[in-house]
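**Q** Input: one structure, supplied below.
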Amino acid sequence: MKSYLSLIPVSARVHRRQNRMTLLCIIISVFLVTAIFSVADMLIQSNSGTMQEKHGNWHIKLDNIPQDAVDELGRRSDVKGIGWADSFNTDADKPYEIGGRKAALYGVDETYIAQLVNALEEGRLPQSGREVMLSDNAGLALDVRLGDQVTVHTPAGDTEFTVSGFGSDDREYYQGQTYMVAVYMTRDAFHAIMEANAVEEHPSCYIQFQKASDASDASDAVSEIQQKYDLAEESISENTATMGLSGQSRNQSIRNVYGIAAVLFVMVLLAGVLMISGSLNSNVSQRIKFFGMMRCIGASRQQIVRFVRLEALNWCKNAVPVGVVLGTLASWGICAYMHYGIGGEFATVRILSVSPVGLISGVLVGIITVLLAAQAPAKRAAKVSPMSAVSGNSELTSSKRRVIRRKGRKIESILGIHHATGSRKNWFLMTASFALTIILVLCFSIGLDFARGLLPDLKSWQPDITLNGYANALALEQGTKEEVKRISGVKNVFGTSYLDNIAATSSRQGIGHVNLESYDEYLLESAKENVVEGNLSDIYGDSDKVATVYNKDNPLKVGDKVQIDGKEVEITCSVSSSLFPSELLVICSQETFERLTGERGLTMIGVQLDGNANDETVRQISKFAGSDIIFSDARESVQENTTTYMAMQAGVYGFLVIIGMVTMFYIINSISISVAARTKQYGAMRAVGMDSRQLTRMITAEAFTYAVSGLVVGCGLGLPFSYFLHTLLIARYFGTIWRPPIVILCGIVVFVTACAAAAVYAPAKRIRNMAITDTINEL
Amino acid sequence: MNLLEVKSVSKTYGEGDVAVQALRSVSFSVMKGEFVAIVGESGSGKSTLLNMIGALDTPSFGKVYIDSKDIFAMKERNLTVFRRRNIGFIFQSFNLIPELTVEQNIIFPVLLDYQKPDRRYLEELLAVLNLRERRHHLPSQLSGGQQQRVAIGRALITRPALILADEPTGNLDTQNSREVIALLKEASRNYEQTIIMITHSRGIAQKADRILQVSDGELTDFGRCGE
Ligand SMILES: Nc1ncnc2c1ncn2[C@@H]1O[C@H](COP(=O)(O)OP(=O)(O)O)[C@@H](O)[C@H]1O
Ligand SMILES: [Mg+2]
């Protein structure tokens with residue numbers, strides 16, 4: 001033995017069982033952080049690819065900037081490219097048309113369209129003033145191919161162009177609709193049309209720097225230019241998508257993502273410290289005599305502190321590499337799942353790449369948690385008096401014990417509860433770990449609800465294709481619905497009529513008008529899953545019963561009566577969501593709608609396609625579109641939203657499962673340690689006559705004390721938290737009113753009970769099977 | 001009348017090369033009210049013998065009868081209850097429950113039986129053991145001698161017919177030892193309790209009615225001392 005510290009591996013061997021637990025704690029923390037950060041890292045990397053695809057890879061956009069200012073910027077060595085673009089009629093509110101559809105006109109230079117937004121999908125860019133590139137949807141909307149002639153109508157006259165290519169700098173906007181088409185032409189051609197129509201031009205200048213970090217460095221230069229040419233603050237904007245991902249954005253929303261990552265890191269760190277310090281703590285408690293003996297022999301307090309700390313670090317030696325490797329493997333698994341299982345926008349995620357961020361944060365978490373966790377136990381070990389080695393009772397905690405008060409309960413239960421509550425610190429840790437899980441579950445469930453709310457496509461009636469009257473006019477005929485239904489490849493069709501601002505009076509004060517929406521039978525059937533109150537079957541057919549939306553923004557409530565045009569209807573049920581805004585919304589059947597308003601037209605027809613649907617199906621449906629009827633194809637975005645939601649759900653549930661497992665493991669471990677620490681005592685109790693049932697009951701009482709206090713604290717903090725988050729996120733944006741999540745609470749109770757029961761099982765069995773003689777008279 | 005009968009009890013720990021024959025066919029009997037001391041060198045098998053008698057451990061061969069009942073024929077649960085009611089244990093390391101007070105520690109076996117402790121007897125014990133002023137203290141606040149007196153109180157509270165003590169004075173100085181033994185004798189006399197005690201102290205052994213010696217797993221009965 002070179003120094004007293006050589007005792008560490010020796011004592012480690014002796015206390016193997018204990019150490020296994022601590023090791024597992026460290027491995028889990030390292031594993032979690034490595035996995036989470038590796039996945040996040042790979043996601044962000046792949047995301048920056050997709051982001052650039054979606055939002056372009058320029059960094060700064062300058063509006064209304066004079067040419068010489070741009071020239072000045074162009075001389076900077078860190079500027080990689082400068083592109084120009086201008087657009088007109090993107091809101092389709094002016095009479096500019098192409099082939100009978102609205103035309104949005106763009107004048108772009110090659111740097112912008114090729115380098116900065118990489119818009120071209122097919123063909124080539126317009127080379128001359130006679131060529132144009134059209135957005136992808138032109139194929140369907142105008143039935144044109146490459147090389148075809150198209151005519152752009154403007155108030156000042158027509159211009160002929162040849163289609164040289166397809167593509168758009170805002171794919172999502174044009175994709176799947178036939179109402180308007182984007183026309184990209186050279187800046188000269190654009191200028192000519194604008195001049196002919198006497199429209200003022202507002203070209204924007206897009207700047208791409210060598211690196212995103214240069215852009216923030218260049219921000220000084222930019223603000224200089226801004227001052228020099230007296231530009232308004234709004235005329236400079238950042239591309240938050242590209243800047244944010246490389247951490248350079250001043251924009252708040254992107255920064256939040258980094259905030260969430262940091263919070264996650266701290267949370268795992270906390271959980272890790274909690275677990276490991278709990279485990280180290282009982283480790284120290286169990287070896288009070290050992291430390292007393294060390295002190296007896298002459299070790300100083302400082303030496304004991306060092307001993308405990310190094311002992312803890314000794315575990316890192318094995319645990320950290322194992323955790324890091326496992327974490328990396330897990331991240332590969334998760335990425336592979338996202339790549340192949342979910343696909344969509346995750347198809348670009350790389351699978352077998354090692355993330356330095358993940359590795360470093362894993363190692364860091366391992367070492368930091370262990371050092372932090374060893375802090376308190378080390379101090380405690382140092383405080384052990386040399387007397388503990390010789391005194392008769394081995395002490396678990398300080399001598400300032402609370403005296404047990406017996407209140408008519410069974411002695412073993414009282415002892416069990418006392419074991420749980422006797423050490424405040426241990427009790428706190430156990431309660432905290434239960435409570436943390438519960439709070440996380442409650443909060444995450446709100447997060448999921450929020451995500452679901454954000455992605456309206458997850459309703460069962462979500463249409464793949466819609467035909468919509470312009471400005472919600474009742475422009476569609478009932479017959480159209482039937483005709484669409486006959487097209488092959490169509491699974492379901494539904495129609496809805498909507499009239500807003502109908503003069504009405506109500507039994508409820510202060511209501512002067514309502515918005516009326518009709519549901520056909522398909523919608524009514526689908527809405528049944530969203531019923532909050534009452535029974536939807538009342539409102540089928542021509543009826544004087546109607547429904548409304550249960551929502552904070554909506555003053556109408558079940559039981560209200562509403563008079564429309566002298567006819568009275570009663571609100572007998574409510575649903576949680578609707579197709580149209582919920583405020584003052586009255587939902588009735590198609591027949592009731594006709595009777596109340598005398599209107600027969602439909603505002604919207606929604607179409608759900610089946611597996612046989614093909615381009616021909618879509619083309620046939622699009623034929624119903626016209627100048628007052630807008631066709632839109634939402635298939636791709638529905639698909640995307642579904643995959644995003646599924647990925648999020650997988651992520652959230654995965655995280656919850658891990659947290660739940662960690663808690664379960666921690667609790668099982670802690671109770672096992674707590675029992676192991678009292679082995680001798682339990683032996684003595686058995687010797688003086690405690691039977692195995694009483695013993696099990698004692699350990700059960702201990703476990704359930706933690707469970708109950710965890711539940712109380714967890715729900716006590718978690719429910720207000722959930723309410724708070726709900727008001728902040730869901731009530732604010734979607735207006736749904738908070739209700740106690742009964743199902744989740746039941747799940748939590750079951751989980752906690754299962755944890756406690758599982759935690760009792762093994763230690764109780766271990767003690768029962770142990771010979772009594774093993775546990776008494778040993779020092 | 002014999003309270004305890006040990007019939008050719010053997011105990012072997014381990015198997016094969018590492019087998020240790022801790023007891024070799026030990027037989028003896030003890031009458032009600034007797035105070036028996038067991039002496040012998042360290043490792044000779046005294047504790048093993050005592051543990052067999054107390055049914056804390058099972059013999060490899062042989063039987064033990066307490067009050068004419070074959071204790072190893074009992075089911076584990078009945079045995080626990082039997083032990084709780086009929087046998088009191090005193091250990092070398094006192095094995096008190098650290099979170100219970102002196103009084104609670106003493107009445108612990110009664111509580112395990114879901115009975116009401118006999119207050120008068122408790123007062124009597126506390127008085128005899130000289131622990132009255134200490135009744136609300138925790139074990140950690142007591143001296144070694146006081147802790148062992150609490151353990152004695154705990155062994156006596158159920159008025160067991162048989163008290164087993166394994167080197168109860170092993171952790172105490174001579175003065176304390178003498179006191180503890182005197183108290184033990186005094187307390188047990190009233191209820192005609194049988195005491196079997198392992199001790200290293202010649203002086204204490206001398207106070208016993210009878211001395212048994214164990215050496216290398218075999219028992220020699222020295223009979224009544226002084227005879
Ligand atoms: N659990 C055990 N496993 C193996 N050997 C044991 C065990 N308990 C005691 N022994 C052995 O049995 C013999 C008797 O032990 P014991 O009865 O404790 O002696 P003592 O007379 O000192 O009380 C010793 O040699 C001891 O090593
Ligand atoms: Mg012994």
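Letters A, B, ... mark the chains of the structure tokens in the order given; residue numbers begin at 1 per chain; ligand numbers begin at 1, in order shown.
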Taking the DSSP assignment computed from this structure's backbone, write out as a PyMOL selection string all residues of stretch 4-161 of chain A that belong to strand (DSSP E or B).
**A** chain A and resi 60-63+79-88+97-98+101-108+120-123+131-134+149-154+157-161
**Q** Let me see the file: selected residues, C-alpha atoms, as an mmCIF file, in the first residue's frame.
**A**
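See part-v7.cif below for the written result:
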data_model
loop_
_atom_site.group_PDB
_atom_site.id
_atom_site.type_symbol
_atom_site.label_atom_id
_atom_site.label_comp_id
_atom_site.auth_asym_id
_atom_site.auth_seq_id
_atom_site.Cartn_x
_atom_site.Cartn_y
_atom_site.Cartn_z
ATOM 1 C CA ILE A 60 -29.113 39.438 -43.919
ATOM 2 C CA LYS A 61 -31.796 41.076 -45.996
ATOM 3 C CA LEU A 62 -31.717 44.804 -46.668
ATOM 4 C CA ASP A 63 -34.716 46.694 -47.989
ATOM 5 C CA VAL A 79 -19.199 38.709 -47.941
ATOM 6 C CA LYS A 80 -19.687 35.665 -50.139
ATOM 7 C CA GLY A 81 -22.581 36.723 -52.252
ATOM 8 C CA ILE A 82 -25.060 39.526 -52.835
ATOM 9 C CA GLY A 83 -28.356 38.846 -54.544
ATOM 10 C CA TRP A 84 -31.327 40.979 -55.513
ATOM 11 C CA ALA A 85 -34.994 40.119 -55.631
ATOM 12 C CA ASP A 86 -38.256 41.980 -55.935
ATOM 13 C CA SER A 87 -41.791 40.735 -55.916
ATOM 14 C CA PHE A 88 -45.236 42.012 -56.740
ATOM 15 C CA GLU A 97 -52.928 36.764 -64.209
ATOM 16 C CA ILE A 98 -51.329 33.889 -65.991
ATOM 17 C CA ARG A 101 -54.809 32.042 -62.426
ATOM 18 C CA LYS A 102 -53.488 34.823 -60.268
ATOM 19 C CA ALA A 103 -49.872 35.595 -60.945
ATOM 20 C CA ALA A 104 -47.281 36.672 -58.370
ATOM 21 C CA LEU A 105 -44.416 38.352 -60.198
ATOM 22 C CA TYR A 106 -40.787 38.090 -59.125
ATOM 23 C CA GLY A 107 -37.765 39.889 -60.536
ATOM 24 C CA VAL A 108 -34.633 38.059 -59.411
ATOM 25 C CA LEU A 120 -34.567 25.589 -59.327
ATOM 26 C CA GLU A 121 -36.202 22.156 -59.334
ATOM 27 C CA GLU A 122 -36.477 21.376 -63.022
ATOM 28 C CA GLY A 123 -35.213 22.876 -66.311
ATOM 29 C CA GLU A 131 -37.956 33.358 -70.312
ATOM 30 C CA VAL A 132 -39.579 32.666 -66.953
ATOM 31 C CA MET A 133 -39.408 30.086 -64.215
ATOM 32 C CA LEU A 134 -42.790 29.113 -62.764
ATOM 33 C CA GLN A 149 -45.466 29.552 -74.127
ATOM 34 C CA VAL A 150 -47.324 31.374 -71.377
ATOM 35 C CA THR A 151 -48.950 34.784 -71.327
ATOM 36 C CA VAL A 152 -48.838 37.121 -68.382
ATOM 37 C CA HIS A 153 -51.782 39.503 -68.346
ATOM 38 C CA THR A 154 -51.273 42.880 -66.730
ATOM 39 C CA GLY A 157 -51.038 44.652 -71.604
ATOM 40 C CA ASP A 158 -49.888 41.074 -72.152
ATOM 41 C CA THR A 159 -46.377 39.700 -72.288
ATOM 42 C CA GLU A 160 -45.375 36.341 -73.804
ATOM 43 C CA PHE A 161 -42.786 34.164 -72.095
#
**Q** Mind listing the residues within 7 Å of ligand 1, only C-alpha atoms and all ligand atoms counted, as a list in words?
**A**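 Listing the residues within 7 Å of ligand 1 gives Asp774 of chain A; Tyr13, Gly14, Val20, Gln21, Ala22, Gly40, Glu41, Ser42, Gly43, Ser44, Gly45, Lys46, Ser47, Thr48 and Leu49 of chain B.
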**Q** Which is closer to ligand 2 than all the others in B:Phe91, B:Phe108, B:Phe28, B:Tyr191, using only C-alpha atoms and all ligand atoms?
**A** B:Phe91
**Q** Given a cut-off of 6 Å, which residues of chain A touch chain B, counting only C-alpha atoms, written out as an mmCIF file with N, CA and C atoms, in the first residue's frame?
**A**
data_model
loop_
_atom_site.group_PDB
_atom_site.id
_atom_site.type_symbol
_atom_site.label_atom_id
_atom_site.label_comp_id
_atom_site.auth_asym_id
_atom_site.auth_seq_id
_atom_site.Cartn_x
_atom_site.Cartn_y
_atom_site.Cartn_z
ATOM 1 N N ALA A 684 -31.490 -8.088 14.402
ATOM 2 C CA ALA A 684 -31.780 -8.032 15.835
ATOM 3 C C ALA A 684 -33.283 -8.071 16.065
ATOM 4 N N VAL A 688 -35.404 -10.842 18.231
ATOM 5 C CA VAL A 688 -36.293 -10.639 19.372
ATOM 6 C C VAL A 688 -37.753 -10.870 18.992
ATOM 7 N N GLY A 689 -37.989 -11.397 17.808
ATOM 8 C CA GLY A 689 -39.336 -11.880 17.554
ATOM 9 C C GLY A 689 -40.135 -11.221 16.454
ATOM 10 N N ASP A 691 -41.615 -11.249 12.870
ATOM 11 C CA ASP A 691 -41.725 -12.266 11.824
ATOM 12 C C ASP A 691 -41.625 -11.647 10.441
ATOM 13 N N ILE A 772 -30.589 -15.263 10.534
ATOM 14 C CA ILE A 772 -30.569 -14.244 11.599
ATOM 15 C C ILE A 772 -29.180 -14.139 12.196
ATOM 16 N N ASN A 777 -24.225 -9.587 16.188
ATOM 17 C CA ASN A 777 -22.878 -9.751 16.734
ATOM 18 C C ASN A 777 -21.762 -9.514 15.730
#
**Q** What's the 10 Å shell around stretch 209-214 of chain B, counting only C-alpha atoms, without same-chain residues fewer than 4 positions away, as a count of residues only?
**A** 34
**Q** Atom CA of A:Ile193 to atom CA of A:Asn89: how many Å, to one decimal?
**A**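 Computing it gives 12.4 Å between the two atoms.
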**Q** Neighbours of stretch 578-587 of chain A within 7 Å (only C-alpha atoms; same-chain residues fewer than 5 positions away dropped), as number ranges by chain?
**A** A: 514-519, 546-549, 553-556
**Q** Nearest to A:Phe631: which of A:Ala141, A:Leu146, A:Ala420, A:Ala754 is it, counting only C-alpha atoms?
**A** A:Ala141
**Q** So that I can check the surroundings of A:Met180, please list as an mmCIF file with C-alpha atoms, in the first residue's frame every protein, DNA and RNA residue that reaches within 12 Å of it, counting only C-alpha atoms and ignoring chain neighbours fewer than 4 positions away.
**A**
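Everything below was put into around-v6.cif:
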data_model
loop_
_atom_site.group_PDB
_atom_site.id
_atom_site.type_symbol
_atom_site.label_atom_id
_atom_site.label_comp_id
_atom_site.auth_asym_id
_atom_site.auth_seq_id
_atom_site.Cartn_x
_atom_site.Cartn_y
_atom_site.Cartn_z
ATOM 1 C CA ASN A 89 -48.815 40.826 -56.240
ATOM 2 C CA THR A 90 -47.815 38.046 -53.846
ATOM 3 C CA ASP A 91 -51.167 38.555 -52.116
ATOM 4 C CA ALA A 92 -52.941 37.981 -55.440
ATOM 5 C CA ASP A 93 -55.117 41.024 -54.857
ATOM 6 C CA LYS A 94 -54.410 42.756 -58.174
ATOM 7 C CA PRO A 95 -55.542 41.765 -61.647
ATOM 8 C CA TYR A 96 -52.271 40.176 -62.769
ATOM 9 C CA GLU A 97 -52.928 36.764 -64.209
ATOM 10 C CA ILE A 98 -51.329 33.889 -65.991
ATOM 11 C CA GLY A 99 -53.465 31.365 -67.827
ATOM 12 C CA GLY A 100 -56.551 32.348 -65.830
ATOM 13 C CA ARG A 101 -54.809 32.042 -62.426
ATOM 14 C CA LYS A 102 -53.488 34.823 -60.268
ATOM 15 C CA ALA A 103 -49.872 35.595 -60.945
ATOM 16 C CA ALA A 104 -47.281 36.672 -58.370
ATOM 17 C CA LEU A 105 -44.416 38.352 -60.198
ATOM 18 C CA LEU A 134 -42.790 29.113 -62.764
ATOM 19 C CA SER A 135 -43.568 27.710 -59.355
ATOM 20 C CA ASP A 136 -44.058 23.923 -59.253
ATOM 21 C CA ASN A 137 -47.818 24.101 -58.973
ATOM 22 C CA ALA A 138 -48.026 25.590 -62.480
ATOM 23 C CA GLY A 139 -47.871 22.070 -63.902
ATOM 24 C CA LEU A 140 -51.225 21.299 -62.292
ATOM 25 C CA ALA A 141 -52.744 24.779 -62.299
ATOM 26 C CA LEU A 142 -51.908 25.765 -65.877
ATOM 27 C CA TYR A 173 -46.544 28.628 -50.176
ATOM 28 C CA TYR A 174 -47.271 27.586 -53.730
ATOM 29 C CA GLN A 175 -47.232 23.870 -53.324
ATOM 30 C CA GLY A 176 -50.581 22.145 -53.553
ATOM 31 C CA ALA A 625 -61.749 25.321 -58.722
ATOM 32 C CA GLY A 626 -62.502 28.638 -60.326
ATOM 33 C CA SER A 627 -62.080 32.343 -59.803
ATOM 34 C CA ILE A 629 -63.257 28.776 -55.528
ATOM 35 C CA ILE A 630 -59.798 28.061 -54.215
ATOM 36 C CA PHE A 631 -58.309 24.609 -54.578
ATOM 37 C CA SER A 632 -55.659 23.573 -52.108
#
**Q** Would you mind telling me which residue in A:Thr773, A:Thr727, A:Gln177, A:Thr111 lies nearest to ligand 2 when using only C-alpha atoms and all ligand atoms?
**A**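 The closest residue to ligand 2 is A:Thr773.
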**Q** Which is closer to ligand 2 than all the others in B:Ile181, B:Ser25, B:Leu50, B:Glu103, using only C-alpha atoms and all ligand atoms?
**A**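 Counting only C-alpha atoms and all ligand atoms, the residue closest to ligand 2 is B:Leu50.
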**Q** Quick one: residues within 10 Å of A:Glu195, only C-alpha atoms counted, chain neighbours fewer than 6 positions away excluded, as a list of chain:residue names?
**A**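 So the residues in contact are A:Ala156, A:Ala189, A:Glu201.
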**Q** Which residues are near B:Ser68? Cut-off 8 Å, only C-alpha atoms, ignore same chain within fewer than 2 positions. Put them as a PDB file with all heavy atoms, in the first residue's frame.
**A**
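Resulting contents of selection-v1.pdb:
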ATOM      1  N   LEU B   3     -36.765 -27.793  31.335  1.00  0.00           N
ATOM      2  CA  LEU B   3     -37.312 -26.794  30.422  1.00  0.00           C
ATOM      3  C   LEU B   3     -36.723 -27.000  29.029  1.00  0.00           C
ATOM      4  O   LEU B   3     -37.397 -26.885  28.016  1.00  0.00           O
ATOM      5  CB  LEU B   3     -36.965 -25.382  30.916  1.00  0.00           C
ATOM      6  CG  LEU B   3     -37.423 -24.311  29.946  1.00  0.00           C
ATOM      7  CD1 LEU B   3     -38.898 -24.037  30.145  1.00  0.00           C
ATOM      8  CD2 LEU B   3     -36.599 -23.051  30.084  1.00  0.00           C
ATOM      9  N   LEU B   4     -35.436 -27.282  28.998  1.00  0.00           N
ATOM     10  CA  LEU B   4     -34.728 -27.378  27.723  1.00  0.00           C
ATOM     11  C   LEU B   4     -34.059 -28.732  27.600  1.00  0.00           C
ATOM     12  O   LEU B   4     -33.445 -29.231  28.552  1.00  0.00           O
ATOM     13  CB  LEU B   4     -33.667 -26.275  27.654  1.00  0.00           C
ATOM     14  CG  LEU B   4     -32.670 -26.375  26.513  1.00  0.00           C
ATOM     15  CD1 LEU B   4     -33.303 -25.963  25.205  1.00  0.00           C
ATOM     16  CD2 LEU B   4     -31.448 -25.523  26.804  1.00  0.00           C
ATOM     17  N   GLU B   5     -34.231 -29.344  26.445  1.00  0.00           N
ATOM     18  CA  GLU B   5     -33.504 -30.582  26.177  1.00  0.00           C
ATOM     19  C   GLU B   5     -32.831 -30.471  24.822  1.00  0.00           C
ATOM     20  O   GLU B   5     -33.478 -30.229  23.811  1.00  0.00           O
ATOM     21  CB  GLU B   5     -34.481 -31.762  26.181  1.00  0.00           C
ATOM     22  CG  GLU B   5     -34.515 -32.492  27.497  1.00  0.00           C
ATOM     23  CD  GLU B   5     -35.503 -33.630  27.443  1.00  0.00           C
ATOM     24  OE1 GLU B   5     -35.093 -34.738  27.064  1.00  0.00           O
ATOM     25  OE2 GLU B   5     -36.688 -33.382  27.750  1.00  0.00           O
ATOM     26  N   TYR B  65     -35.652 -29.396  22.302  1.00  0.00           N
ATOM     27  CA  TYR B  65     -37.005 -29.303  22.851  1.00  0.00           C
ATOM     28  C   TYR B  65     -37.029 -28.191  23.884  1.00  0.00           C
ATOM     29  O   TYR B  65     -36.179 -28.146  24.774  1.00  0.00           O
ATOM     30  CB  TYR B  65     -37.421 -30.609  23.528  1.00  0.00           C
ATOM     31  CG  TYR B  65     -37.509 -31.766  22.560  1.00  0.00           C
ATOM     32  CD1 TYR B  65     -36.419 -32.585  22.329  1.00  0.00           C
ATOM     33  CD2 TYR B  65     -38.707 -32.018  21.895  1.00  0.00           C
ATOM     34  CE1 TYR B  65     -36.491 -33.644  21.445  1.00  0.00           C
ATOM     35  CE2 TYR B  65     -38.796 -33.087  21.009  1.00  0.00           C
ATOM     36  CZ  TYR B  65     -37.692 -33.897  20.777  1.00  0.00           C
ATOM     37  OH  TYR B  65     -37.771 -34.934  19.901  1.00  0.00           O
ATOM     38  N   ILE B  66     -37.967 -27.298  23.750  1.00  0.00           N
ATOM     39  CA  ILE B  66     -38.188 -26.300  24.787  1.00  0.00           C
ATOM     40  C   ILE B  66     -39.598 -26.529  25.296  1.00  0.00           C
ATOM     41  O   ILE B  66     -40.548 -26.544  24.499  1.00  0.00           O
ATOM     42  CB  ILE B  66     -38.020 -24.870  24.242  1.00  0.00           C
ATOM     43  CG1 ILE B  66     -36.571 -24.640  23.812  1.00  0.00           C
ATOM     44  CG2 ILE B  66     -38.418 -23.840  25.292  1.00  0.00           C
ATOM     45  CD1 ILE B  66     -36.320 -23.331  23.123  1.00  0.00           C
ATOM     46  N   ASP B  70     -40.727 -29.663  20.128  1.00  0.00           N
ATOM     47  CA  ASP B  70     -39.634 -29.739  19.157  1.00  0.00           C
ATOM     48  C   ASP B  70     -39.646 -28.445  18.343  1.00  0.00           C
ATOM     49  O   ASP B  70     -40.487 -28.240  17.479  1.00  0.00           O
ATOM     50  CB  ASP B  70     -39.871 -30.949  18.240  1.00  0.00           C
ATOM     51  CG  ASP B  70     -38.756 -31.087  17.219  1.00  0.00           C
ATOM     52  OD1 ASP B  70     -37.903 -30.160  17.135  1.00  0.00           O
ATOM     53  OD2 ASP B  70     -38.733 -32.096  16.504  1.00  0.00           O
TER      54      ASP B  70
END
**Q** Counting only C-alpha atoms, which of B:Ala19, B:Val9, B:Leu126, B:Leu183 gets nearest to B:Ile53?
**A** B:Val9
**Q** Interatomic distance between atom CA of B:Thr12 and atom CA of B:Gly62?
**A**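 According to the coordinates, atom CA of B:Thr12 and atom CA of B:Gly62 are separated by 12.0 Å.
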**Q** Write down as a ChimeraX atom specification the residues belonging to stretch 474-671 of chain A that are assigned helix (DSSP H, G or I) by DSSP computed on the backbone.
**A** /A:478-486,521-530,536-539,590-597,615-622,635-671
